[in-house]
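A.B. asks: This is the structure I want to talk about, given as structure tokens.
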Amino acid sequence: DADLPLAIDVVCDMVTSALLRNADVENERGVILEEIAMHDDDPGDVVHDEFAKALLGDSPLGRPILGTVASIKALSRDVINGYYRECYRPDATVVTAAGNLDHDDVVRMVTEAYQLAGVYTDQSALPVAPRIGATALAPAGGVALVTRPTEQANLVLGMPGIPRTDDRRFAYRALRAWLHALRDRLTVESAAKFAAQLPELLRLGEGEARGGGAM
């Protein structure tokens, strides 16, 4: 807690005053392109990207987090800086701190850091309310197949789950924890018997199959 003022100063400086120099953007562009290449070489990663695309379609949730080679190459420093200036604002920021801290002290130091940076202009801003009752995303569904000459097959089965406000979410979490614990204890014979029951269990749990578990 003695280093809290320094921590707040450093973090707020990163949020409000990043330089985003052209050289830094180009360096990071190369790093991300390498990450995309490594990601594409891992069938376990590819199958989950294809699953998200098949289930969620052309929505932000259905697109790869890393982006694509084309989108990363197309990003300019000006586009990144414009997004940064538009979205990384105090009124759109949530500050979380834990430990031997005083709430009022944290609020005061964060406020002072933003004021010092000259970006704390809207003191009446409130957090965005949870999107409870918003229009649900209509899953696209379908089958996606990626053929590669590998020795291992990766399969993902999934379907829409229950909303976070549904009381059944607690039962679902218990089932998910049980499935994850069970998959590490099964013998080959037991796994074969369990596999026959798994579709029904997953239907009841409304989860996504992954290595004998659900998520």
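Scheme for the structure tokens: letters A, B, ... for chains in order shown; per-chain residue numbers from 1; ligand numbers from 1 in order shown.
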For the contact check between segment 143-192 of chain A and segment 34-46 of chain A, emit one row per residue of segment 143-192 of chain A within 9 Å, containing the shortest atom pair and the distance in Å rounded to one decimal, counting only C-alpha atoms, chain then rising number order, as a tab-separated table.
C.D. replies:
residue	atom	partner	partner_atom	distance
A:Val146	CA	A:Val46	CA	8.4
A:Arg148	CA	A:Pro43	CA	8.7
A:Thr150	CA	A:Pro43	CA	8.7
A:Gln152	CA	A:Pro43	CA	8.5
A:Ala153	CA	A:Pro43	CA	8.2
A:Asn154	CA	A:Gly44	CA	6.2
A:Leu155	CA	A:Gly44	CA	8.7
A.B. asks: So that I can see what lies close to segment 55-64 of chain A, please list as a list in words the residues with an atom at most 9 Å from it, counting only C-alpha atoms and leaving out residues fewer than 5 positions away in the same chain.
C.D. replies: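 Listed by chain and then number, they are Asp49, Glu50, Leu137, Ala138, Pro139, Ala140, Gly141, Gly142, Val143, Gly158, Met159 and Pro160 of chain A.
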A.B. asks: Keeping only N, CA, C and O atoms, write the selected residues to a file as a PDB file, in the first residue's frame.
C.D. replies:
ATOM      1  N   ASP A  49     -12.024 -20.549 -32.768  1.00  0.00           N
ATOM      2  CA  ASP A  49     -12.352 -19.394 -33.603  1.00  0.00           C
ATOM      3  C   ASP A  49     -13.454 -19.744 -34.601  1.00  0.00           C
ATOM      4  O   ASP A  49     -14.395 -18.955 -34.818  1.00  0.00           O
ATOM      5  N   GLU A  50     -13.342 -20.921 -35.215  1.00  0.00           N
ATOM      6  CA  GLU A  50     -14.341 -21.348 -36.184  1.00  0.00           C
ATOM      7  C   GLU A  50     -15.692 -21.584 -35.503  1.00  0.00           C
ATOM      8  O   GLU A  50     -16.748 -21.293 -36.071  1.00  0.00           O
ATOM      9  N   LEU A 137     -28.713 -11.902 -28.996  1.00  0.00           N
ATOM     10  CA  LEU A 137     -28.063 -12.168 -30.268  1.00  0.00           C
ATOM     11  C   LEU A 137     -28.604 -13.473 -30.829  1.00  0.00           C
ATOM     12  O   LEU A 137     -28.653 -14.492 -30.141  1.00  0.00           O
ATOM     13  N   ALA A 138     -29.027 -13.462 -32.075  1.00  0.00           N
ATOM     14  CA  ALA A 138     -29.561 -14.671 -32.702  1.00  0.00           C
ATOM     15  C   ALA A 138     -28.405 -15.495 -33.259  1.00  0.00           C
ATOM     16  O   ALA A 138     -27.746 -15.072 -34.218  1.00  0.00           O
ATOM     17  N   PRO A 139     -28.136 -16.658 -32.680  1.00  0.00           N
ATOM     18  CA  PRO A 139     -27.013 -17.474 -33.158  1.00  0.00           C
ATOM     19  C   PRO A 139     -27.206 -17.904 -34.606  1.00  0.00           C
ATOM     20  O   PRO A 139     -28.302 -18.271 -35.019  1.00  0.00           O
ATOM     21  N   ALA A 140     -26.130 -17.862 -35.372  1.00  0.00           N
ATOM     22  CA  ALA A 140     -26.200 -18.269 -36.768  1.00  0.00           C
ATOM     23  C   ALA A 140     -26.267 -19.789 -36.890  1.00  0.00           C
ATOM     24  O   ALA A 140     -26.990 -20.332 -37.710  1.00  0.00           O
ATOM     25  N   GLY A 141     -25.492 -20.482 -36.061  1.00  0.00           N
ATOM     26  CA  GLY A 141     -25.495 -21.938 -36.097  1.00  0.00           C
ATOM     27  C   GLY A 141     -24.808 -22.486 -37.344  1.00  0.00           C
ATOM     28  O   GLY A 141     -24.260 -21.747 -38.153  1.00  0.00           O
ATOM     29  N   GLY A 142     -24.837 -23.803 -37.480  1.00  0.00           N
ATOM     30  CA  GLY A 142     -24.233 -24.435 -38.640  1.00  0.00           C
ATOM     31  C   GLY A 142     -23.042 -25.290 -38.266  1.00  0.00           C
ATOM     32  O   GLY A 142     -22.759 -25.519 -37.089  1.00  0.00           O
ATOM     33  N   VAL A 143     -22.345 -25.767 -39.283  1.00  0.00           N
ATOM     34  CA  VAL A 143     -21.178 -26.629 -39.114  1.00  0.00           C
ATOM     35  C   VAL A 143     -19.989 -25.990 -39.817  1.00  0.00           C
ATOM     36  O   VAL A 143     -20.103 -25.566 -40.967  1.00  0.00           O
ATOM     37  N   GLY A 158     -21.485 -26.761 -29.407  1.00  0.00           N
ATOM     38  CA  GLY A 158     -21.991 -25.706 -28.539  1.00  0.00           C
ATOM     39  C   GLY A 158     -23.366 -25.240 -28.950  1.00  0.00           C
ATOM     40  O   GLY A 158     -23.849 -25.542 -30.045  1.00  0.00           O
ATOM     41  N   MET A 159     -23.983 -24.505 -28.067  1.00  0.00           N
ATOM     42  CA  MET A 159     -25.324 -23.985 -28.289  1.00  0.00           C
ATOM     43  C   MET A 159     -25.522 -22.784 -27.370  1.00  0.00           C
ATOM     44  O   MET A 159     -24.742 -22.586 -26.433  1.00  0.00           O
ATOM     45  N   PRO A 160     -26.536 -21.964 -27.606  1.00  0.00           N
ATOM     46  CA  PRO A 160     -26.783 -20.834 -26.701  1.00  0.00           C
ATOM     47  C   PRO A 160     -27.024 -21.328 -25.285  1.00  0.00           C
ATOM     48  O   PRO A 160     -27.697 -22.337 -25.058  1.00  0.00           O
TER      49      PRO A 160
END
A.B. asks: Could you tell me which of A:Thr16, A:Asn100, A:Asn22, A:Ser76 comes closest to Leu4 of chain A if we count only C-alpha atoms?
C.D. replies: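 For Leu4 of chain A, the nearest of the candidates is A:Asn100.
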A.B. asks: How would you write, as a list of chain:residue names, the set of residues in chain A that DSSP gives as strand (DSSP E or B)?
C.D. replies: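 Taking chain A and keeping strand (DSSP E or B) gives A:Leu157, A:Ala209, A:Arg210, A:Gly213, A:Ala214.
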A.B. asks: Would you list the contacts of Asp9 of chain A as a list of chain:residue names, taking every protein, DNA or RNA residue within 10 Å and counting only C-alpha atoms, but skipping same-chain residues closer than 6 positions in sequence?
C.D. replies: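 In the requested form, the answer reads A:Met109, A:Val110, A:Glu112, A:Ala113, A:Tyr114, A:Leu116.
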A.B. asks: Which is closer to Leu75 of chain A than all the others in A:Val25, A:Val119, A:Leu19, A:Val94, using only C-alpha atoms?
C.D. replies: A:Val25
